[in-house]
Amino acid sequence: MSQTRTSPPSADERPPSTTRNVLVVVALVWTVQLVSLVAALSGIAQADIAIHFRTTEIAWFTLMTLLTGTFFLPFVVKAAAIFGKKRVLLVATGLGFAGDLLAAVATDYRTLLIGRGIAGIYAATAPLAYAITRDVFPRRWVGLASGILAGGVGLVAFGGPFLSGWLLDDYGFRGVLWFMAISTAVSFLLVAVFVPESPIRAAAGRMDWVGGLLLGGGVTAVVYAVGQGSHWGWGSGRFVGWVVGAAIALVVFVLVERRVAEPLFPLSMTRRRPVWTVLLATSIAAGSLSAVGVVLQLLILMPNIPTISEGLGWSGTHNAIVTSPISAMIIVGAVGTGLLARRVDARLLLATGSALTAIGYGIGTHLHHNAPQIIEMGVIAGLGTGIVVAVVPIMIIEVVSPEEQALANGVQTLGQGVAQIVVSQLAFVVMAQHGAVLKGTQFYLDKGFTNGLWLVVGCVTAGALLVALIPRSKRLDEAEVGQAA
């Protein structure tokens, strides 16, 4: 899809203002990292929410947000190219706030899920924030601003658990939900006041509604079928019917994208081997790591009830203290990867990070019953997680042109979201096989937590093995030179 520059002029064409650029960076960092922070807050609140609402369907508290974010991502990216990135960013943030507000005041679990589903639209804002960074900053600021946006994950990794623990211990899960709503409102105000509209627009554009509905419908059907498989029976006609229906929708989506003039995701890009192999490996590896929080947070925060629940029963604050070394290792891994990426093959970094997480959580399958064991497991896995998180955007830069980066980031975010949803849903299913229901709440035994960790280990290992499919590409420094030429 061709792009054209519209008024106002770009940042390169205006007198530079350091203060203005700093304020824009702050606004975009808040926007990007709020997605990660909300995910952390959701994970730590889910145990209390399950007990309060007496539900066996706590999986959907997290999955509703992931599902709607994944469903709307293609529409948001396409709309941003047509109508303007800031405008669409504000609309998505406004809807996210409305959903957060509904969830915060919900008095029943169904209303809470509806609110979290609407709030999930906010998850589609991260790719737009990165794209705005490339469009509005002077060239000398782009690399720095992008690095700050990505590096903010360290602050979330380290500070998020302490914030979550304080909110949960002092104000309960309602305090967590209200903090989400207030934070999203702040994001809206920061973007509205400080972030300029991108001067890059599509020369002409039409929304591919059919393609988007087919893609979203197919993904939704797969996730719903996996979530209900244990109730329906994995070999039942109902389960098979949903899976077959999802497969048909996704096949038709590919056929439609080949024919429409302006597809959501041009297949010409994703057919190139360096691109599709990077998207596949990073989506599975990073998506699986995102799903591990489902297992760990329930293991740590669920109560210990003999024969019913074998969680550790820690408070939110105790959880933050014990897991702080893990968060520190995530930061170390991310920073180290940024330094090594100019000299080391990114494929090796992704494989190393995935292997470390598999080893760490592999140890944790048997050693996860006290603080020293959690730290031992997490320090190894945390280092690997930091490497994987940091290397994903680097690998995208290496295999696509500057004009394709926004689209490629959107495709990778979509793929990672799908992987996270499926692995998370499977984790709940696996854990529930060894658990019990008490007063309407699903609890889990130690065998369930063990099997949930084994699931993550297997999926992360699959991501590491897929690195072998990726052909050699330019290193980050070579790719940057090519883009600047």
# chains A, B, ... in the order shown; residues from 1 in each chain; ligands from 1
>>> closest_atom_pairs(of="stretch 161-278 of chain A", to="stretch 428-435 of chain A", cutoff="9 Å", atoms="only C-alpha atoms", output="Markdown table")
| residue | atom | partner | partner_atom | distance |
| --- | --- | --- | --- | --- |
| A:Val226 | CA | A:Val429 | CA | 8.2 |
| A:Gly227 | CA | A:Val429 | CA | 6.9 |
| A:Gln228 | CA | A:Val429 | CA | 8.6 |
| A:Gly229 | CA | A:Val429 | CA | 8.2 |
| A:Ser230 | CA | A:Val429 | CA | 6.8 |
>>> write_last_selection(atoms="N, CA and C atoms", output="PDB file, in the first residue's frame")
ATOM      1  N   VAL A 226     -10.289 -24.879  22.193  1.00  0.00           N
ATOM      2  CA  VAL A 226      -9.276 -25.372  23.124  1.00  0.00           C
ATOM      3  C   VAL A 226      -9.750 -25.193  24.562  1.00  0.00           C
ATOM      4  N   GLY A 227     -10.382 -24.046  24.851  1.00  0.00           N
ATOM      5  CA  GLY A 227     -10.867 -23.791  26.195  1.00  0.00           C
ATOM      6  C   GLY A 227     -11.977 -24.734  26.634  1.00  0.00           C
ATOM      7  N   GLN A 228     -12.796 -25.177  25.687  1.00  0.00           N
ATOM      8  CA  GLN A 228     -13.932 -26.032  26.019  1.00  0.00           C
ATOM      9  C   GLN A 228     -13.654 -27.519  25.772  1.00  0.00           C
ATOM     10  N   GLY A 229     -12.461 -27.815  25.252  1.00  0.00           N
ATOM     11  CA  GLY A 229     -12.153 -29.199  24.869  1.00  0.00           C
ATOM     12  C   GLY A 229     -12.292 -30.193  25.996  1.00  0.00           C
ATOM     13  N   SER A 230     -11.861 -29.791  27.190  1.00  0.00           N
ATOM     14  CA  SER A 230     -11.938 -30.728  28.311  1.00  0.00           C
ATOM     15  C   SER A 230     -13.385 -30.996  28.720  1.00  0.00           C
TER      16      SER A 230
END
>>> residues_around(residues="stretch 307-313 of chain A", least_positions_apart="5", cutoff="7 Å", atoms="only C-alpha atoms", output="JSON, numbers by chain")
{"A": [298, 299, 300, 301, 302, 435, 436, 443, 444, 445, 446]}
>>> residues_around(residues="stretch 326-330 of chain A", least_positions_apart="6", cutoff="9 Å", atoms="only C-alpha atoms", output="JSON, numbers by chain")
{"A": [153, 154, 155, 156, 157, 158, 159, 161, 375, 376, 377, 378, 379, 380, 381, 382, 383, 384, 385, 386, 387, 389]}
>>> write_last_selection(atoms="all heavy atoms", output="short mmCIF file (atom, residue, chain, number, x, y, z; two decimals), in the first residue's frame")
data_model
loop_
_atom_site.label_atom_id
_atom_site.label_comp_id
_atom_site.auth_asym_id
_atom_site.auth_seq_id
_atom_site.Cartn_x
_atom_site.Cartn_y
_atom_site.Cartn_z
N VAL A 153 10.51 -2.17 29.33
CA VAL A 153 10.09 -3.47 29.85
C VAL A 153 10.83 -3.80 31.14
O VAL A 153 10.32 -4.50 32.01
CB VAL A 153 10.33 -4.58 28.78
CG1 VAL A 153 11.82 -4.81 28.56
CG2 VAL A 153 9.66 -5.87 29.21
N GLY A 154 12.07 -3.25 31.28
CA GLY A 154 12.82 -3.49 32.50
C GLY A 154 12.15 -2.87 33.71
O GLY A 154 12.10 -3.46 34.79
N LEU A 155 11.64 -1.65 33.54
CA LEU A 155 10.94 -0.99 34.64
C LEU A 155 9.69 -1.76 35.03
O LEU A 155 9.38 -1.91 36.22
CB LEU A 155 10.58 0.44 34.24
CG LEU A 155 11.76 1.39 33.96
CD1 LEU A 155 11.24 2.73 33.49
CD2 LEU A 155 12.62 1.55 35.20
N VAL A 156 8.97 -2.25 34.02
CA VAL A 156 7.76 -3.03 34.30
C VAL A 156 8.12 -4.34 34.99
O VAL A 156 7.48 -4.75 35.96
CB VAL A 156 6.98 -3.30 33.00
CG1 VAL A 156 5.81 -4.24 33.27
CG2 VAL A 156 6.47 -1.99 32.41
N ALA A 157 9.17 -4.99 34.49
CA ALA A 157 9.57 -6.28 35.05
C ALA A 157 9.99 -6.15 36.51
O ALA A 157 9.70 -7.03 37.34
CB ALA A 157 10.72 -6.87 34.23
N PHE A 158 10.66 -5.03 36.85
CA PHE A 158 11.15 -4.88 38.22
C PHE A 158 10.12 -4.22 39.13
O PHE A 158 9.88 -4.67 40.25
CB PHE A 158 12.44 -4.06 38.22
CG PHE A 158 13.18 -4.13 39.52
CD1 PHE A 158 13.96 -5.24 39.82
CD2 PHE A 158 13.09 -3.11 40.45
CE1 PHE A 158 14.65 -5.33 41.04
CE2 PHE A 158 13.77 -3.19 41.67
CZ PHE A 158 14.55 -4.30 41.95
N GLY A 159 9.50 -3.13 38.64
CA GLY A 159 8.57 -2.40 39.49
C GLY A 159 7.16 -2.95 39.49
O GLY A 159 6.41 -2.76 40.46
N PRO A 161 5.80 -6.04 39.82
CA PRO A 161 5.38 -6.91 40.93
C PRO A 161 5.19 -6.18 42.25
O PRO A 161 4.29 -6.50 43.02
CB PRO A 161 6.54 -7.92 41.01
CG PRO A 161 7.11 -7.95 39.63
CD PRO A 161 6.99 -6.54 39.13
N ILE A 375 13.38 -18.80 43.08
CA ILE A 375 14.46 -17.91 42.63
C ILE A 375 15.39 -18.65 41.69
O ILE A 375 15.80 -18.12 40.64
CB ILE A 375 15.23 -17.36 43.84
CG1 ILE A 375 14.33 -16.41 44.64
CG2 ILE A 375 16.50 -16.63 43.39
CD1 ILE A 375 14.95 -15.93 45.94
N GLU A 376 15.76 -19.87 42.04
CA GLU A 376 16.67 -20.66 41.19
C GLU A 376 16.07 -20.85 39.79
O GLU A 376 16.75 -20.65 38.77
CB GLU A 376 16.95 -22.02 41.83
CG GLU A 376 17.87 -22.91 40.98
CD GLU A 376 18.03 -24.29 41.58
OE1 GLU A 376 17.28 -24.65 42.52
OE2 GLU A 376 18.91 -25.03 41.10
N MET A 377 14.81 -21.25 39.75
CA MET A 377 14.14 -21.43 38.47
C MET A 377 14.07 -20.11 37.71
O MET A 377 14.38 -20.03 36.52
CB MET A 377 12.72 -21.96 38.71
CG MET A 377 11.79 -21.85 37.51
SD MET A 377 10.10 -22.43 37.83
CE MET A 377 9.54 -21.28 39.08
N GLY A 378 13.68 -19.06 38.41
CA GLY A 378 13.40 -17.80 37.75
C GLY A 378 14.62 -17.05 37.27
O GLY A 378 14.56 -16.36 36.25
N VAL A 379 15.74 -17.15 37.99
CA VAL A 379 16.95 -16.43 37.56
C VAL A 379 17.41 -16.94 36.20
O VAL A 379 17.76 -16.16 35.31
CB VAL A 379 18.05 -16.58 38.63
CG1 VAL A 379 19.40 -16.19 38.06
CG2 VAL A 379 17.73 -15.72 39.84
N ILE A 380 17.41 -18.25 36.03
CA ILE A 380 17.83 -18.82 34.74
C ILE A 380 16.81 -18.46 33.65
O ILE A 380 17.17 -17.97 32.58
CB ILE A 380 17.97 -20.35 34.85
CG1 ILE A 380 19.02 -20.71 35.89
CG2 ILE A 380 18.32 -20.96 33.48
CD1 ILE A 380 19.10 -22.20 36.18
N ALA A 381 15.53 -18.68 33.95
CA ALA A 381 14.49 -18.39 32.96
C ALA A 381 14.37 -16.89 32.72
O ALA A 381 14.07 -16.46 31.60
CB ALA A 381 13.15 -18.96 33.43
N GLY A 382 14.59 -16.08 33.75
CA GLY A 382 14.50 -14.62 33.59
C GLY A 382 15.55 -14.10 32.64
O GLY A 382 15.27 -13.22 31.80
N LEU A 383 16.78 -14.60 32.74
CA LEU A 383 17.84 -14.20 31.81
C LEU A 383 17.43 -14.54 30.38
O LEU A 383 17.56 -13.71 29.46
CB LEU A 383 19.15 -14.88 32.17
CG LEU A 383 20.35 -14.58 31.27
CD1 LEU A 383 20.68 -13.10 31.29
CD2 LEU A 383 21.56 -15.42 31.70
N GLY A 384 16.92 -15.75 30.19
CA GLY A 384 16.49 -16.15 28.85
C GLY A 384 15.33 -15.32 28.35
O GLY A 384 15.28 -14.94 27.17
N THR A 385 14.39 -14.99 29.25
CA THR A 385 13.25 -14.17 28.86
C THR A 385 13.69 -12.80 28.38
O THR A 385 13.20 -12.28 27.37
CB THR A 385 12.27 -14.02 30.04
OG1 THR A 385 11.79 -15.31 30.42
CG2 THR A 385 11.09 -13.14 29.67
N GLY A 386 14.63 -12.17 29.10
CA GLY A 386 15.14 -10.87 28.69
C GLY A 386 15.77 -10.90 27.32
O GLY A 386 15.59 -9.98 26.51
N ILE A 387 16.50 -11.97 27.04
CA ILE A 387 17.14 -12.12 25.72
C ILE A 387 16.08 -12.24 24.63
O ILE A 387 16.15 -11.57 23.59
CB ILE A 387 18.07 -13.34 25.70
CG1 ILE A 387 19.24 -13.13 26.67
CG2 ILE A 387 18.59 -13.62 24.29
CD1 ILE A 387 20.11 -14.35 26.86
N VAL A 389 12.83 -11.34 24.64
CA VAL A 389 12.03 -10.13 24.49
C VAL A 389 12.80 -9.06 23.70
O VAL A 389 12.24 -8.38 22.83
CB VAL A 389 11.62 -9.58 25.87
CG1 VAL A 389 11.02 -8.19 25.74
CG2 VAL A 389 10.62 -10.52 26.53
#
>>> select_by_dssp(residues="stretch 256-287 of chain A", states="alpha helix (DSSP H)", output="MDAnalysis selection string")
chainID A and resid 256:259 267:270 273:287
>>> write_last_selection(atoms="C-alpha atoms", output="tab-separated table (two decimals), in the first residue's frame")
chain	number	residue	atom	x	y	z
A	256	VAL	CA	-9.20	-13.53	0.14
A	257	GLU	CA	-5.91	-11.77	0.91
A	258	ARG	CA	-4.54	-12.95	-2.43
A	259	ARG	CA	-7.37	-11.31	-4.33
A	267	LEU	CA	1.22	-12.10	1.51
A	268	SER	CA	4.13	-11.05	-0.72
A	269	MET	CA	6.04	-10.04	2.41
A	270	THR	CA	5.13	-13.04	4.54
A	273	ARG	CA	11.57	-17.19	3.81
A	274	PRO	CA	13.58	-14.83	6.06
A	275	VAL	CA	10.36	-13.07	7.06
A	276	TRP	CA	8.00	-15.98	7.70
A	277	THR	CA	10.62	-18.04	9.54
A	278	VAL	CA	11.45	-15.12	11.87
A	279	LEU	CA	7.75	-14.44	12.46
A	280	LEU	CA	7.08	-18.12	13.22
A	281	ALA	CA	10.01	-18.68	15.59
A	282	THR	CA	9.64	-15.41	17.50
A	283	SER	CA	5.87	-15.73	17.80
A	284	ILE	CA	6.02	-19.20	19.33
A	285	ALA	CA	9.00	-18.52	21.60
A	286	ALA	CA	7.83	-15.12	22.88
A	287	GLY	CA	4.15	-16.11	22.99
>>> closest_atom_pairs(of="stretch 423-451 of chain A", to="stretch 43-64 of chain A", cutoff="6 Å", atoms="only C-alpha atoms", output="tab-separated table")
residue	atom	partner	partner_atom	distance
A:Gly440	CA	A:Arg54	CA	4.6
A:Thr441	CA	A:Arg54	CA	4.4
A:Gln442	CA	A:Thr56	CA	4.5
>>> closest_atom_pairs(of="stretch 90-125 of chain A", to="stretch 397-415 of chain A", cutoff="12 Å", atoms="only C-alpha atoms", output="JSON lines")
{"residue": "A:Ala123", "atom": "CA", "partner": "A:Thr413", "partner_atom": "CA", "distance": 9.7}
{"residue": "A:Ala124", "atom": "CA", "partner": "A:Thr413", "partner_atom": "CA", "distance": 8.6}
{"residue": "A:Thr125", "atom": "CA", "partner": "A:Gly410", "partner_atom": "CA", "distance": 10.2}
>>> write_last_selection(atoms="N, CA, C and O atoms", output="compact mmCIF listing (two decimals), in the first residue's frame")
# COMPACT_ATOMS: atom_id res chain seq x y z
N ALA A 123 -4.58 -3.19 23.74
CA ALA A 123 -3.35 -3.94 23.44
C ALA A 123 -2.84 -3.67 22.03
O ALA A 123 -1.65 -3.87 21.76
N ALA A 124 -3.73 -3.23 21.14
CA ALA A 124 -3.32 -2.96 19.76
C ALA A 124 -2.58 -1.63 19.61
O ALA A 124 -2.15 -1.30 18.50
N THR A 125 -2.41 -0.88 20.72
CA THR A 125 -1.78 0.42 20.60
C THR A 125 -0.27 0.36 20.51
O THR A 125 0.36 1.29 20.00
>>> residues_around(residues="A:Val223", least_positions_apart="6", cutoff="8 Å", atoms="only C-alpha atoms", output="list in words")
Ile421, Val422 and Gln425 of chain A
>>> write_last_selection(atoms="C-alpha atoms", output="PDB file, in the first residue's frame")
ATOM      1  CA  ILE A 421      -3.686 -17.239  23.857  1.00  0.00           C
ATOM      2  CA  VAL A 422      -3.473 -20.877  22.775  1.00  0.00           C
ATOM      3  CA  GLN A 425      -5.669 -21.714  27.394  1.00  0.00           C
TER       4      GLN A 425
END
>>> residues_around(residues="A:Asp169", least_positions_apart="4", cutoff="10 Å", atoms="only C-alpha atoms", output="ChimeraX atom specification")
/A:164-165,173,175-176,315-318
>>> select_by_dssp(residues="stretch 218-451 of chain A", states="strand (DSSP E)", output="list in words")
Asn304, Ile305, Ser309, Glu310, Gly435, Ala436, Val437, Leu438, Thr441, Gln442, Phe443 and Tyr444 of chain A
>>> closest_residue(among="A:Leu466, A:Ala185, A:Ala390, A:Val26", to="A:Ala98", atoms="only C-alpha atoms")
A:Ala185
>>> closest_residue(among="A:Ile321, A:Val244, A:Leu177, A:Ala129", to="A:Leu112", atoms="only C-alpha atoms")
A:Leu177
>>> closest_residue(among="A:Ile182, A:Leu339, A:Val243, A:Ala192", to="A:Val24", atoms="only C-alpha atoms")
A:Ala192
>>> atom_distance(atom1="atom CA of A:Leu189", atom2="atom CA of A:Leu168")
25.9 Å
>>> residues_around(residues="A:Thr184", least_positions_apart="5", cutoff="10 Å", atoms="only C-alpha atoms", output="CSV table (one decimal) with all heavy atoms, in the first residue's frame")
chain,number,residue,atom,x,y,z
A,30,TRP,N,4.8,5.4,28.2
A,30,TRP,CA,3.6,5.0,29.0
A,30,TRP,C,2.7,4.2,28.2
A,30,TRP,O,2.1,3.2,28.7
A,30,TRP,CB,3.0,6.3,29.5
A,30,TRP,CG,1.8,6.1,30.4
A,30,TRP,CD1,0.6,5.7,30.1
A,30,TRP,CD2,1.9,6.2,31.9
A,30,TRP,NE1,-0.2,5.6,31.3
A,30,TRP,CE2,0.6,5.9,32.4
A,30,TRP,CE3,2.9,6.6,32.8
A,30,TRP,CZ2,0.3,5.9,33.7
A,30,TRP,CZ3,2.6,6.6,34.1
A,30,TRP,CH2,1.3,6.3,34.6
A,31,THR,N,2.4,4.5,27.0
A,31,THR,CA,1.5,3.8,26.1
A,31,THR,C,1.9,2.4,25.9
A,31,THR,O,1.1,1.4,26.0
A,31,THR,CB,1.3,4.5,24.8
A,31,THR,OG1,0.8,5.8,25.0
A,31,THR,CG2,0.3,3.7,23.9
A,34,LEU,N,2.3,0.2,29.3
A,34,LEU,CA,1.1,0.0,30.0
A,34,LEU,C,0.5,-1.3,29.6
A,34,LEU,O,-0.2,-2.0,30.4
A,34,LEU,CB,0.1,1.1,29.8
A,34,LEU,CG,-1.2,1.0,30.6
A,34,LEU,CD1,-1.0,1.0,32.1
A,34,LEU,CD2,-2.1,2.2,30.3
A,35,VAL,N,0.7,-1.7,28.4
A,35,VAL,CA,0.2,-3.0,27.9
A,35,VAL,C,0.8,-4.2,28.7
A,35,VAL,O,0.1,-5.1,29.2
A,35,VAL,CB,0.5,-3.2,26.4
A,35,VAL,CG1,0.1,-4.6,26.0
A,35,VAL,CG2,-0.2,-2.2,25.6
A,38,VAL,N,-0.4,-3.9,32.5
A,38,VAL,CA,-1.7,-4.4,32.7
A,38,VAL,C,-1.7,-6.0,32.7
A,38,VAL,O,-2.4,-6.6,33.5
A,38,VAL,CB,-2.7,-3.9,31.7
A,38,VAL,CG1,-4.0,-4.7,31.6
A,38,VAL,CG2,-3.0,-2.4,31.9
A,93,THR,N,-7.4,3.8,22.8
A,93,THR,CA,-7.1,4.1,24.2
A,93,THR,C,-8.5,4.5,24.9
A,93,THR,O,-8.7,4.0,26.1
A,93,THR,CB,-6.1,5.2,24.4
A,93,THR,OG1,-4.9,4.9,23.7
A,93,THR,CG2,-5.8,5.4,25.9
A,94,GLY,N,-9.3,5.2,24.2
A,94,GLY,CA,-10.6,5.6,24.8
A,94,GLY,C,-11.5,4.4,25.1
A,94,GLY,O,-12.1,4.3,26.1
A,95,LEU,N,-11.5,3.5,24.1
A,95,LEU,CA,-12.3,2.2,24.3
A,95,LEU,C,-11.7,1.4,25.4
A,95,LEU,O,-12.4,0.8,26.2
A,95,LEU,CB,-12.3,1.4,23.0
A,95,LEU,CG,-13.1,2.1,21.8
A,95,LEU,CD1,-12.9,1.3,20.5
A,95,LEU,CD2,-14.6,2.1,22.2
A,96,GLY,N,-10.3,1.4,25.5
A,96,GLY,CA,-9.7,0.6,26.5
A,96,GLY,C,-10.1,1.1,27.9
A,96,GLY,O,-10.3,0.4,28.8
A,97,PHE,N,-10.1,2.5,28.0
A,97,PHE,CA,-10.6,3.1,29.3
A,97,PHE,C,-12.0,2.7,29.6
A,97,PHE,O,-12.3,2.4,30.8
A,97,PHE,CB,-10.4,4.6,29.2
A,97,PHE,CG,-11.0,5.3,30.4
A,97,PHE,CD1,-10.5,5.2,31.7
A,97,PHE,CD2,-12.2,6.1,30.2
A,97,PHE,CE1,-11.0,5.9,32.8
A,97,PHE,CE2,-12.8,6.7,31.3
A,97,PHE,CZ,-12.2,6.6,32.6
A,98,ALA,N,-12.9,2.7,28.6
A,98,ALA,CA,-14.3,2.4,28.9
A,98,ALA,C,-14.4,0.9,29.4
A,98,ALA,O,-15.2,0.7,30.3
A,98,ALA,CB,-15.1,2.6,27.6
A,99,GLY,N,-13.6,0.0,28.8
A,99,GLY,CA,-13.6,-1.3,29.3
A,99,GLY,C,-13.1,-1.5,30.7
A,99,GLY,O,-13.6,-2.2,31.5
A,100,ASP,N,-12.0,-0.8,31.0
A,100,ASP,CA,-11.4,-0.8,32.3
A,100,ASP,C,-12.4,-0.3,33.4
A,100,ASP,O,-12.5,-0.9,34.5
A,100,ASP,CB,-10.1,0.0,32.4
A,100,ASP,CG,-8.9,-0.7,31.7
A,100,ASP,OD1,-8.9,-1.9,31.7
A,100,ASP,OD2,-8.0,0.1,31.2
A,101,LEU,N,-13.1,0.7,33.0
A,101,LEU,CA,-14.1,1.3,33.9
A,101,LEU,C,-15.2,0.3,34.2
A,101,LEU,O,-15.6,0.2,35.4
A,101,LEU,CB,-14.6,2.6,33.4
A,101,LEU,CG,-15.4,3.5,34.3
A,101,LEU,CD1,-14.6,3.9,35.5
A,101,LEU,CD2,-15.9,4.7,33.6
A,119,ALA,N,-11.6,-3.7,27.1
A,119,ALA,CA,-10.3,-3.1,27.4
A,119,ALA,C,-9.1,-3.7,26.5
A,119,ALA,O,-8.1,-3.1,26.3
A,119,ALA,CB,-10.0,-3.3,28.9
A,122,TYR,N,-7.1,-2.0,23.8
A,122,TYR,CA,-5.9,-1.1,24.1
A,122,TYR,C,-4.6,-1.9,23.7
A,122,TYR,O,-3.6,-1.2,23.4
A,122,TYR,CB,-5.9,-0.8,25.5
A,122,TYR,CG,-4.7,0.2,25.9
A,122,TYR,CD1,-4.9,1.5,25.7
A,122,TYR,CD2,-3.5,-0.3,26.4
A,122,TYR,CE1,-3.8,2.4,26.1
A,122,TYR,CE2,-2.5,0.5,26.7
A,122,TYR,CZ,-2.6,1.9,26.5
A,122,TYR,OH,-1.6,2.7,26.8
A,178,TRP,N,-9.1,-0.6,39.4
A,178,TRP,CA,-9.2,0.8,39.3
A,178,TRP,C,-7.9,1.4,38.9
A,178,TRP,O,-7.9,2.5,38.1
A,178,TRP,CB,-9.6,1.4,40.7
A,178,TRP,CG,-11.1,1.4,40.9
A,178,TRP,CD1,-11.9,0.6,41.7
A,178,TRP,CD2,-12.1,2.2,40.2
A,178,TRP,NE1,-13.2,0.9,41.6
A,178,TRP,CE2,-13.4,1.9,40.6
A,178,TRP,CE3,-11.9,3.2,39.2
A,178,TRP,CZ2,-14.5,2.5,40.2
A,178,TRP,CZ3,-13.1,3.8,38.7
A,178,TRP,CH2,-14.4,3.5,39.2
A,179,PHE,N,-6.8,0.9,39.3
A,179,PHE,CA,-5.5,1.4,38.8
A,179,PHE,C,-5.4,1.2,37.3
A,179,PHE,O,-4.8,2.1,36.6
A,179,PHE,CB,-4.3,0.6,39.5
A,179,PHE,CG,-3.0,1.2,39.1
A,179,PHE,CD1,-2.4,2.2,39.7
A,179,PHE,CD2,-2.3,0.5,38.0
A,179,PHE,CE1,-1.2,2.7,39.3
A,179,PHE,CE2,-1.0,1.0,37.7
A,179,PHE,CZ,-0.5,2.1,38.3
A,189,LEU,N,-4.7,11.0,28.0
A,189,LEU,CA,-4.3,12.5,28.1
A,189,LEU,C,-2.9,12.8,27.6
A,189,LEU,O,-2.7,13.8,26.9
A,189,LEU,CB,-4.5,12.9,29.6
A,189,LEU,CG,-5.9,12.9,30.1
A,189,LEU,CD1,-5.8,13.1,31.7
A,189,LEU,CD2,-6.7,13.9,29.4
A,190,LEU,N,-2.0,11.9,27.9
A,190,LEU,CA,-0.6,12.1,27.5
A,190,LEU,C,-0.5,12.1,25.9
A,190,LEU,O,0.2,13.0,25.3
A,190,LEU,CB,0.3,11.0,28.0
A,190,LEU,CG,0.6,11.1,29.5
A,190,LEU,CD1,1.4,9.9,30.0
A,190,LEU,CD2,1.4,12.4,29.9
>>> closest_residue(among="A:Val460, A:Ala104, A:Val76, A:Leu438", to="A:Val292", atoms="only C-alpha atoms")
A:Val460
>>> closest_residue(among="A:Pro372, A:Gly364, A:Gly463, A:Pro471", to="A:Thr450", atoms="only C-alpha atoms")
A:Gly364
>>> residues_around(residues="A:Leu37", least_positions_apart="4", cutoff="7 Å", atoms="only C-alpha atoms", output="ChimeraX atom specification")
/A:33,41,156,160
>>> write_last_selection(atoms="C-alpha atoms", output="PDB file, in the first residue's frame")
ATOM      1  CA  GLN A  33       4.609  -0.347  28.657  1.00  0.00           C
ATOM      2  CA  LEU A  41      -1.560  -6.716  37.107  1.00  0.00           C
ATOM      3  CA  VAL A 156       7.759  -3.027  34.304  1.00  0.00           C
ATOM      4  CA  GLY A 160       5.404  -4.137  38.294  1.00  0.00           C
TER       5      GLY A 160
END
>>> atom_distance(atom1="atom CA of A:Ala371", atom2="atom CA of A:Pro306")
19.9 Å
>>> closest_residue(among="A:Leu67, A:Leu128, A:Thr337, A:Ser290", to="A:Leu215", atoms="only C-alpha atoms")
A:Leu67
